[in-house]
>>> print(open('query-v7.cif').read())   # mmCIF, C-alpha atoms, pLDDT in the B column; chains and numbers go by the auth columns
data_model
#
loop_
_atom_site.group_PDB
_atom_site.id
_atom_site.type_symbol
_atom_site.label_atom_id
_atom_site.label_comp_id
_atom_site.label_asym_id
_atom_site.label_seq_id
_atom_site.Cartn_x
_atom_site.Cartn_y
_atom_site.Cartn_z
_atom_site.B_iso_or_equiv
_atom_site.auth_seq_id
_atom_site.auth_asym_id
ATOM 1 C CA MET A 1 33.948 39.473 -13.434 55.00 657 A
ATOM 2 C CA MET A 2 30.945 41.289 -12.012 50.00 658 A
ATOM 3 C CA LYS A 3 28.752 39.616 -14.617 45.00 659 A
ATOM 4 C CA GLN A 4 29.936 36.157 -13.530 51.00 660 A
ATOM 5 C CA VAL A 5 29.271 36.966 -9.886 46.00 661 A
ATOM 6 C CA ARG A 6 25.801 38.228 -10.766 46.00 662 A
ATOM 7 C CA ASN A 7 25.054 35.015 -12.686 46.00 663 A
ATOM 8 C CA ILE A 8 26.198 32.902 -9.761 50.00 664 A
ATOM 9 C CA ILE A 9 23.987 34.878 -7.369 50.00 665 A
ATOM 10 C CA LEU A 10 20.970 34.619 -9.689 43.00 666 A
ATOM 11 C CA THR A 11 21.532 30.883 -10.124 48.00 667 A
ATOM 12 C CA ALA A 12 21.690 30.414 -6.368 49.00 668 A
ATOM 13 C CA ILE A 13 18.502 32.425 -5.854 48.00 669 A
ATOM 14 C CA LEU A 14 16.741 30.456 -8.573 45.00 670 A
ATOM 15 C CA ALA A 15 17.815 27.166 -7.013 48.00 671 A
ATOM 16 C CA VAL A 16 16.475 28.241 -3.610 46.00 672 A
ATOM 17 C CA VAL A 17 13.173 29.389 -5.135 43.00 673 A
ATOM 18 C CA MET A 18 12.739 26.145 -7.146 45.00 674 A
ATOM 19 C CA THR A 19 13.522 24.067 -4.056 51.00 675 A
ATOM 20 C CA GLY A 20 10.829 25.944 -2.138 48.00 676 A
ATOM 21 C CA VAL A 21 8.322 25.536 -4.935 40.00 677 A
ATOM 22 C CA VAL A 22 8.966 21.805 -5.175 42.00 678 A
ATOM 23 C CA LYS A 23 8.621 21.357 -1.400 50.00 679 A
ATOM 24 C CA ALA A 24 5.423 23.416 -1.328 47.00 680 A
ATOM 25 C CA ALA A 25 3.904 21.586 -4.296 47.00 681 A
ATOM 26 C CA ALA A 26 4.751 18.085 -3.064 51.00 682 A
ATOM 27 C CA PRO A 27 1.767 17.754 -0.669 58.00 683 A
ATOM 28 C CA VAL A 28 -0.600 19.050 -3.361 49.00 684 A
ATOM 29 C CA VAL A 29 0.706 16.560 -5.929 46.00 685 A
ATOM 30 C CA GLN A 30 0.494 13.721 -3.419 57.00 686 A
ATOM 31 C CA ALA A 31 -3.071 14.662 -2.484 53.00 687 A
ATOM 32 C CA ALA A 32 -4.091 14.849 -6.139 50.00 688 A
ATOM 33 C CA ALA A 33 -2.505 11.483 -6.848 51.00 689 A
ATOM 34 C CA ALA A 34 -4.341 9.978 -3.896 53.00 690 A
ATOM 35 C CA LYS A 35 -7.663 11.147 -5.342 55.00 691 A
ATOM 36 C CA VAL A 36 -7.055 9.503 -8.723 54.00 692 A
ATOM 37 C CA PRO A 37 -8.567 6.013 -8.563 59.00 693 A
ATOM 38 C CA GLU A 38 -6.397 3.120 -9.651 74.00 694 A
ATOM 39 C CA PHE A 39 -7.365 1.984 -13.138 81.00 695 A
ATOM 40 C CA THR A 40 -7.598 -1.786 -13.396 92.00 696 A
ATOM 41 C CA ILE A 41 -9.083 -4.069 -16.024 94.00 697 A
ATOM 42 C CA THR A 42 -10.651 -7.371 -14.996 95.00 698 A
ATOM 43 C CA PRO A 43 -11.321 -9.800 -17.876 96.00 699 A
ATOM 44 C CA LYS A 44 -14.513 -11.854 -17.534 96.00 700 A
ATOM 45 C CA VAL A 45 -15.305 -14.875 -19.694 97.00 701 A
ATOM 46 C CA SER A 46 -18.552 -16.858 -19.706 98.00 702 A
ATOM 47 C CA PHE A 47 -19.992 -19.765 -21.685 98.00 703 A
ATOM 48 C CA ASP A 48 -23.602 -20.899 -21.938 98.00 704 A
ATOM 49 C CA VAL A 49 -24.720 -24.206 -23.477 98.00 705 A
ATOM 50 C CA GLY A 50 -28.300 -25.453 -23.558 98.00 706 A
ATOM 51 C CA TYR A 51 -31.602 -25.954 -25.344 97.00 707 A
ATOM 52 C CA VAL A 52 -34.361 -23.464 -26.120 96.00 708 A
ATOM 53 C CA THR A 53 -37.912 -24.087 -27.318 94.00 709 A
ATOM 54 C CA ARG A 54 -38.633 -20.456 -28.297 89.00 710 A
ATOM 55 C CA ALA A 55 -35.801 -17.909 -28.615 89.00 711 A
ATOM 56 C CA ASN A 56 -36.863 -14.296 -28.122 88.00 712 A
ATOM 57 C CA HIS A 57 -35.686 -11.243 -30.098 89.00 713 A
ATOM 58 C CA LEU A 58 -37.505 -7.982 -29.232 89.00 714 A
ATOM 59 C CA GLY A 59 -40.631 -9.952 -28.376 87.00 715 A
ATOM 60 C CA LEU A 60 -40.525 -12.018 -31.584 86.00 716 A
ATOM 61 C CA GLN A 61 -39.847 -15.723 -31.990 84.00 717 A
ATOM 62 C CA ILE A 62 -36.417 -15.873 -33.596 83.00 718 A
ATOM 63 C CA GLN A 63 -35.663 -19.608 -33.237 86.00 719 A
ATOM 64 C CA LYS A 64 -37.606 -22.763 -32.371 88.00 720 A
ATOM 65 C CA ASN A 65 -36.565 -26.001 -30.661 92.00 721 A
ATOM 66 C CA SER A 66 -32.826 -25.600 -30.953 94.00 722 A
ATOM 67 C CA ALA A 67 -29.638 -26.397 -29.081 96.00 723 A
ATOM 68 C CA PHE A 68 -27.375 -23.395 -28.576 97.00 724 A
ATOM 69 C CA GLY A 69 -23.956 -22.384 -27.348 98.00 725 A
ATOM 70 C CA SER A 70 -22.617 -18.924 -26.541 98.00 726 A
ATOM 71 C CA ALA A 71 -19.410 -17.241 -25.412 98.00 727 A
ATOM 72 C CA THR A 72 -19.000 -13.757 -23.936 98.00 728 A
ATOM 73 C CA VAL A 73 -15.893 -11.744 -23.062 98.00 729 A
ATOM 74 C CA SER A 74 -15.912 -8.453 -21.148 97.00 730 A
ATOM 75 C CA LEU A 75 -13.192 -6.167 -19.795 97.00 731 A
ATOM 76 C CA GLU A 76 -14.584 -4.738 -16.562 95.00 732 A
ATOM 77 C CA ASN A 77 -13.155 -1.417 -15.399 94.00 733 A
ATOM 78 C CA SER A 78 -14.191 1.833 -13.710 88.00 734 A
ATOM 79 C CA VAL A 79 -14.610 3.814 -16.948 93.00 735 A
ATOM 80 C CA VAL A 80 -16.530 1.910 -19.645 96.00 736 A
ATOM 81 C CA THR A 81 -16.799 -1.875 -19.912 97.00 737 A
ATOM 82 C CA PRO A 82 -16.727 -3.347 -23.435 97.00 738 A
ATOM 83 C CA THR A 83 -18.400 -6.720 -24.025 98.00 739 A
ATOM 84 C CA VAL A 84 -18.448 -8.932 -27.109 98.00 740 A
ATOM 85 C CA GLY A 85 -20.381 -12.147 -27.521 98.00 741 A
ATOM 86 C CA MET A 86 -21.398 -14.809 -30.010 97.00 742 A
ATOM 87 C CA THR A 87 -24.296 -17.264 -29.862 97.00 743 A
ATOM 88 C CA TYR A 88 -24.842 -20.167 -32.240 96.00 744 A
ATOM 89 C CA TYR A 89 -28.289 -21.755 -32.623 95.00 745 A
ATOM 90 C CA ALA A 90 -28.143 -25.189 -34.243 95.00 746 A
ATOM 91 C CA ALA A 91 -30.703 -25.992 -36.929 88.00 747 A
ATOM 92 C CA GLY A 92 -33.858 -27.256 -35.250 78.00 748 A
ATOM 93 C CA GLU A 93 -37.281 -26.587 -36.695 75.00 749 A
ATOM 94 C CA ASN A 94 -35.700 -23.462 -38.195 77.00 750 A
ATOM 95 C CA ALA A 95 -32.380 -22.974 -39.998 86.00 751 A
ATOM 96 C CA ASP A 96 -29.292 -22.364 -37.909 92.00 752 A
ATOM 97 C CA GLN A 97 -28.190 -18.849 -37.034 93.00 753 A
ATOM 98 C CA VAL A 98 -25.305 -16.924 -35.506 96.00 754 A
ATOM 99 C CA VAL A 99 -25.789 -13.888 -33.258 96.00 755 A
ATOM 100 C CA LEU A 100 -22.913 -11.418 -32.849 97.00 756 A
ATOM 101 C CA ASP A 101 -23.229 -8.777 -30.145 98.00 757 A
ATOM 102 C CA GLY A 102 -21.029 -5.880 -29.028 98.00 758 A
ATOM 103 C CA SER A 103 -21.818 -3.377 -26.283 98.00 759 A
ATOM 104 C CA LEU A 104 -20.433 -0.766 -23.908 98.00 760 A
ATOM 105 C CA SER A 105 -21.720 -0.400 -20.344 98.00 761 A
ATOM 106 C CA LYS A 106 -21.159 2.155 -17.613 96.00 762 A
ATOM 107 C CA VAL A 107 -22.082 2.127 -13.917 94.00 763 A
ATOM 108 C CA LEU A 108 -23.323 5.489 -12.628 94.00 764 A
ATOM 109 C CA GLY A 109 -24.215 6.545 -9.096 90.00 765 A
ATOM 110 C CA ASN A 110 -23.092 5.932 -5.541 87.00 766 A
ATOM 111 C CA ASP A 111 -23.859 3.705 -2.560 82.00 767 A
ATOM 112 C CA SER A 112 -27.457 4.938 -2.277 84.00 768 A
ATOM 113 C CA MET A 113 -28.411 4.981 -5.972 91.00 769 A
ATOM 114 C CA LYS A 114 -26.823 3.042 -8.831 94.00 770 A
ATOM 115 C CA VAL A 115 -27.703 2.806 -12.518 95.00 771 A
ATOM 116 C CA VAL A 116 -26.156 0.651 -15.245 96.00 772 A
ATOM 117 C CA THR A 117 -26.338 2.098 -18.764 97.00 773 A
ATOM 118 C CA THR A 118 -25.677 -0.023 -21.859 98.00 774 A
ATOM 119 C CA ALA A 119 -25.502 0.630 -25.599 98.00 775 A
ATOM 120 C CA GLY A 120 -24.700 -1.854 -28.325 98.00 776 A
ATOM 121 C CA VAL A 121 -25.336 -3.427 -31.702 98.00 777 A
ATOM 122 C CA GLN A 122 -26.350 -6.931 -32.719 98.00 778 A
ATOM 123 C CA GLN A 123 -26.105 -8.839 -35.977 96.00 779 A
ATOM 124 C CA ARG A 124 -28.091 -12.024 -36.631 94.00 780 A
ATOM 125 C CA ILE A 125 -26.898 -14.180 -39.528 93.00 781 A
ATOM 126 C CA ILE A 126 -29.815 -16.486 -40.277 88.00 782 A
ATOM 127 C CA GLY A 127 -29.640 -19.544 -42.522 86.00 783 A
ATOM 128 C CA GLY A 128 -32.383 -20.470 -44.955 78.00 784 A
ATOM 129 C CA ALA A 129 -34.823 -18.065 -46.573 72.00 785 A
ATOM 130 C CA LEU A 130 -35.354 -15.707 -43.626 74.00 786 A
ATOM 131 C CA GLU A 131 -33.661 -12.312 -43.757 81.00 787 A
ATOM 132 C CA ASP A 132 -30.681 -11.485 -41.561 89.00 788 A
ATOM 133 C CA SER A 133 -31.217 -8.921 -38.818 91.00 789 A
ATOM 134 C CA PHE A 134 -29.151 -5.953 -37.657 96.00 790 A
ATOM 135 C CA SER A 135 -30.253 -3.953 -34.606 97.00 791 A
ATOM 136 C CA ALA A 136 -28.967 -1.265 -32.271 98.00 792 A
ATOM 137 C CA TYR A 137 -30.040 -0.762 -28.659 98.00 793 A
ATOM 138 C CA ALA A 138 -29.520 1.378 -25.567 98.00 794 A
ATOM 139 C CA GLY A 139 -30.833 0.728 -22.104 97.00 795 A
ATOM 140 C CA VAL A 140 -30.862 1.655 -18.433 97.00 796 A
ATOM 141 C CA ARG A 141 -31.096 -0.717 -15.481 97.00 797 A
ATOM 142 C CA LEU A 142 -31.838 0.753 -12.045 94.00 798 A
ATOM 143 C CA VAL A 143 -29.931 -1.654 -9.808 91.00 799 A
ATOM 144 C CA LYS A 144 -30.121 0.378 -6.602 90.00 800 A
ATOM 145 C CA PHE A 145 -32.678 2.973 -5.570 85.00 801 A
ATOM 146 C CA PRO A 146 -34.180 3.688 -2.121 82.00 802 A
ATOM 147 C CA LEU A 147 -37.252 1.512 -1.446 81.00 803 A
ATOM 148 C CA LEU A 148 -37.919 0.684 -5.122 81.00 804 A
ATOM 149 C CA THR A 149 -35.181 -1.899 -5.700 80.00 805 A
ATOM 150 C CA VAL A 150 -36.057 -3.636 -2.450 83.00 806 A
ATOM 151 C CA LEU A 151 -39.119 -4.903 -4.322 90.00 807 A
ATOM 152 C CA ALA A 152 -37.803 -5.256 -7.880 94.00 808 A
ATOM 153 C CA THR A 153 -35.197 -4.031 -10.358 95.00 809 A
ATOM 154 C CA PRO A 154 -36.707 -2.014 -13.247 96.00 810 A
ATOM 155 C CA TYR A 155 -35.068 -1.698 -16.670 97.00 811 A
ATOM 156 C CA VAL A 156 -35.834 -0.110 -20.027 97.00 812 A
ATOM 157 C CA THR A 157 -34.203 -0.804 -23.405 98.00 813 A
ATOM 158 C CA VAL A 158 -34.907 1.112 -26.607 98.00 814 A
ATOM 159 C CA ALA A 159 -34.078 -0.819 -29.796 97.00 815 A
ATOM 160 C CA ARG A 160 -34.185 -0.409 -33.552 96.00 816 A
ATOM 161 C CA ASP A 161 -34.126 -3.408 -35.912 95.00 817 A
ATOM 162 C CA PHE A 162 -33.147 -2.041 -39.314 95.00 818 A
ATOM 163 C CA ASN A 163 -33.992 -5.139 -41.360 92.00 819 A
ATOM 164 C CA TYR A 164 -37.440 -5.743 -39.853 87.00 820 A
ATOM 165 C CA ASP A 165 -38.041 -1.987 -39.612 90.00 821 A
ATOM 166 C CA LEU A 166 -38.917 -2.156 -35.918 91.00 822 A
ATOM 167 C CA LEU A 167 -38.648 0.618 -33.353 96.00 823 A
ATOM 168 C CA GLY A 168 -39.753 0.441 -29.765 96.00 824 A
ATOM 169 C CA ALA A 169 -38.865 -0.360 -26.183 97.00 825 A
ATOM 170 C CA THR A 170 -38.698 -3.239 -23.758 97.00 826 A
ATOM 171 C CA VAL A 171 -39.815 -2.438 -20.212 97.00 827 A
ATOM 172 C CA GLY A 172 -39.304 -4.960 -17.457 97.00 828 A
ATOM 173 C CA LEU A 173 -39.008 -5.807 -13.784 96.00 829 A
ATOM 174 C CA ASP A 174 -37.127 -8.646 -12.143 97.00 830 A
ATOM 175 C CA ARG A 175 -35.989 -9.677 -8.693 95.00 831 A
ATOM 176 C CA THR A 176 -33.444 -12.291 -7.619 95.00 832 A
ATOM 177 C CA ILE A 177 -34.319 -14.239 -4.479 95.00 833 A
ATOM 178 C CA SER A 178 -31.483 -16.309 -3.015 96.00 834 A
ATOM 179 C CA ILE A 179 -32.447 -19.445 -1.087 97.00 835 A
ATOM 180 C CA SER A 180 -29.176 -20.226 0.660 94.00 836 A
ATOM 181 C CA SER A 181 -30.399 -23.457 2.262 95.00 837 A
ATOM 182 C CA LEU A 182 -31.040 -24.944 -1.192 96.00 838 A
ATOM 183 C CA LYS A 183 -28.182 -23.096 -2.927 97.00 839 A
ATOM 184 C CA VAL A 184 -30.642 -21.771 -5.463 98.00 840 A
ATOM 185 C CA ASP A 185 -31.397 -18.339 -6.969 98.00 841 A
ATOM 186 C CA VAL A 186 -34.944 -17.717 -8.187 98.00 842 A
ATOM 187 C CA THR A 187 -35.480 -14.722 -10.494 98.00 843 A
ATOM 188 C CA PRO A 188 -39.086 -13.929 -11.427 98.00 844 A
ATOM 189 C CA ARG A 189 -39.660 -11.268 -14.105 97.00 845 A
ATOM 190 C CA ALA A 190 -42.284 -9.473 -16.144 97.00 846 A
ATOM 191 C CA GLU A 191 -41.581 -7.776 -19.487 97.00 847 A
ATOM 192 C CA ALA A 192 -43.487 -5.733 -22.047 96.00 848 A
ATOM 193 C CA TYR A 193 -42.232 -5.411 -25.636 94.00 849 A
ATOM 194 C CA LEU A 194 -43.803 -2.272 -27.045 94.00 850 A
ATOM 195 C CA TYR A 195 -42.896 -1.909 -30.732 93.00 851 A
ATOM 196 C CA ASP A 196 -44.494 -0.168 -33.665 90.00 852 A
ATOM 197 C CA LYS A 197 -45.402 -3.434 -35.451 85.00 853 A
ATOM 198 C CA HIS A 198 -46.134 -5.675 -32.506 87.00 854 A
ATOM 199 C CA THR A 199 -46.591 -5.963 -28.779 89.00 855 A
ATOM 200 C CA ALA A 200 -45.666 -8.903 -26.574 90.00 856 A
ATOM 201 C CA TYR A 201 -45.745 -9.636 -22.858 92.00 857 A
ATOM 202 C CA THR A 202 -43.798 -12.252 -20.925 94.00 858 A
ATOM 203 C CA PHE A 203 -44.119 -13.506 -17.376 96.00 859 A
ATOM 204 C CA GLY A 204 -41.608 -16.028 -16.170 97.00 860 A
ATOM 205 C CA SER A 205 -38.836 -17.073 -13.852 98.00 861 A
ATOM 206 C CA SER A 206 -35.429 -18.681 -13.880 98.00 862 A
ATOM 207 C CA VAL A 207 -34.045 -21.077 -11.290 98.00 863 A
ATOM 208 C CA THR A 208 -30.246 -21.332 -10.994 98.00 864 A
ATOM 209 C CA TYR A 209 -28.223 -23.726 -8.857 98.00 865 A
ATOM 210 C CA THR A 210 -25.420 -21.787 -7.131 97.00 866 A
ATOM 211 C CA GLY A 211 -23.702 -24.566 -5.183 96.00 867 A
ATOM 212 C CA LEU A 212 -20.771 -24.725 -7.613 95.00 868 A
ATOM 213 C CA LYS A 213 -18.205 -21.932 -7.951 92.00 869 A
ATOM 214 C CA TYR A 214 -17.883 -21.658 -11.717 95.00 870 A
ATOM 215 C CA VAL A 215 -20.699 -23.821 -13.129 97.00 871 A
ATOM 216 C CA LYS A 216 -24.341 -22.750 -12.858 97.00 872 A
ATOM 217 C CA PRO A 217 -27.077 -25.081 -14.193 98.00 873 A
ATOM 218 C CA TYR A 218 -30.377 -23.293 -14.778 98.00 874 A
ATOM 219 C CA VAL A 219 -33.937 -23.599 -16.052 98.00 875 A
ATOM 220 C CA ASP A 220 -36.002 -20.682 -17.373 98.00 876 A
ATOM 221 C CA VAL A 221 -39.743 -20.906 -18.057 97.00 877 A
ATOM 222 C CA SER A 222 -41.912 -18.078 -19.363 95.00 878 A
ATOM 223 C CA TYR A 223 -45.454 -17.465 -20.569 93.00 879 A
ATOM 224 C CA VAL A 224 -45.612 -15.304 -23.691 90.00 880 A
ATOM 225 C CA THR A 225 -48.475 -13.446 -25.357 87.00 881 A
ATOM 226 C CA SER A 226 -47.838 -11.649 -28.626 82.00 882 A
ATOM 227 C CA ASP A 227 -49.623 -9.725 -31.359 80.00 883 A
ATOM 228 C CA SER A 228 -47.535 -9.185 -34.489 66.00 884 A
ATOM 229 C CA THR A 229 -47.997 -8.284 -38.146 61.00 885 A
ATOM 230 C CA LEU A 230 -44.798 -10.268 -38.785 62.00 886 A
ATOM 231 C CA ALA A 231 -46.494 -13.654 -39.130 54.00 887 A
ATOM 232 C CA ALA A 232 -43.235 -15.570 -39.597 59.00 888 A
ATOM 233 C CA ARG A 233 -41.948 -14.227 -36.269 67.00 889 A
ATOM 234 C CA LYS A 234 -45.023 -14.525 -34.077 66.00 890 A
ATOM 235 C CA PHE A 235 -44.684 -16.780 -31.045 69.00 891 A
ATOM 236 C CA GLU A 236 -46.175 -20.227 -31.634 71.00 892 A
ATOM 237 C CA GLY A 237 -47.911 -21.199 -28.431 74.00 893 A
ATOM 238 C CA ASN A 238 -47.456 -19.428 -25.137 82.00 894 A
ATOM 239 C CA LEU A 239 -44.776 -21.352 -23.280 90.00 895 A
ATOM 240 C CA ALA A 240 -41.035 -20.876 -23.758 93.00 896 A
ATOM 241 C CA LEU A 241 -38.412 -23.030 -22.041 96.00 897 A
ATOM 242 C CA VAL A 242 -34.646 -22.575 -21.803 97.00 898 A
ATOM 243 C CA THR A 243 -32.409 -24.981 -19.936 97.00 899 A
ATOM 244 C CA GLY A 244 -28.646 -24.973 -19.848 98.00 900 A
ATOM 245 C CA VAL A 245 -25.382 -24.666 -17.984 98.00 901 A
ATOM 246 C CA LYS A 246 -23.347 -21.477 -17.563 97.00 902 A
ATOM 247 C CA LEU A 247 -19.612 -21.456 -16.981 96.00 903 A
ATOM 248 C CA SER A 248 -17.998 -18.187 -15.914 95.00 904 A
ATOM 249 C CA PHE A 249 -14.621 -17.124 -14.594 89.00 905 A
#
>>> encode(input="query-v7.cif", output="structure tokens")
Amino acid sequence: MMKQVRNIILTAILAVVMTGVVKAAAPVVQAAAAKVPEFTITPKVSFDVGYVTRANHLGLQIQKNSAFGSATVSLENSVVTPTVGMTYYAAGENADQVVLDGSLSKVLGNDSMKVVTTAGVQQRIIGGALEDSFSAYAGVRLVKFPLLTVLATPYVTVARDFNYDLLGATVGLDRTISISSLKVDVTPRAEAYLYDKHTAYTFGSSVTYTGLKYVKPYVDVSYVTSDSTLAARKFEGNLALVTGVKLSF
């Protein structure tokens, strides 16, 4: 009998203690939950169809006078954003080719300084006698930094092409200027391709019409200088033109 009474008393005490613990912990749990950001995934899909006179791969001419079409899918979120894409170049003056690309990107920083980091791999399946190409890359784009990004956005990408045995970096600057009265974005840029077997420099600009919500026609013109031991991949001439239409949603 005494044992049963003791058990009842202990159970009652335990219930009171647990009730107090739960009430005391509730604000802490709620505060911790409030600090955990909501995890959401936003799918993004884009298409690009157009014509290119000189397609660029690490500062080398990879395709000439060809129509192309591409599709890209990304899953934007606050952790790491995966992106996969495919581009098809129709046979022009060179054989056709397919480019498969997969990457992961992460936004780092805060309201005063923001950096986008990206790492990925790319496979080029090239028709005809030219060798296919597999490359890996990693890069950093400084999208927001006091004073500096007011003038331009710098970026650096280190890449390794395993088939062409290339290793080096692409260093560039660009700046998007929005002309709201004309509904046009103008993006001038300068790039240096510094690789162990070649160097190349490009200076150019793209002009994009932004008056439509999902469809963006554009023209991109660049001047290219290159010095390469890979004769089959050296730029022919100095002007490269890309024109097309992008659809994104």
>>> closest_residue(input="query-v7.cif", among="A:Thr866, A:Ser734, A:Thr696, A:Ser878", to="Leu764 in chain A", atoms="all atoms listed in the file")
A:Ser734
>>> resolve_selection(input="query-v7.cif", expression="the PyMOL selection byres ((chain A and resi 824) around 8)", output="ChimeraX atom specification")
/A:814-816,822-823,825-826,849-852
>>> closest_residue(input="query-v7.cif", among="A:Thr843, A:Asn766, A:Ser702, A:Ser836", to="Gly867 in chain A", atoms="all atoms listed in the file")
A:Ser836
>>> closest_residue(input="query-v7.cif", among="A:Ala846, A:Ile782, A:Val863, A:Leu838", to="Thr881 in chain A", atoms="all atoms listed in the file")
A:Ala846
>>> atom_distance(input="query-v7.cif", atom1="CA of Ser861 in chain A", atom2="CA of Val842 in chain A")
6.9 Å
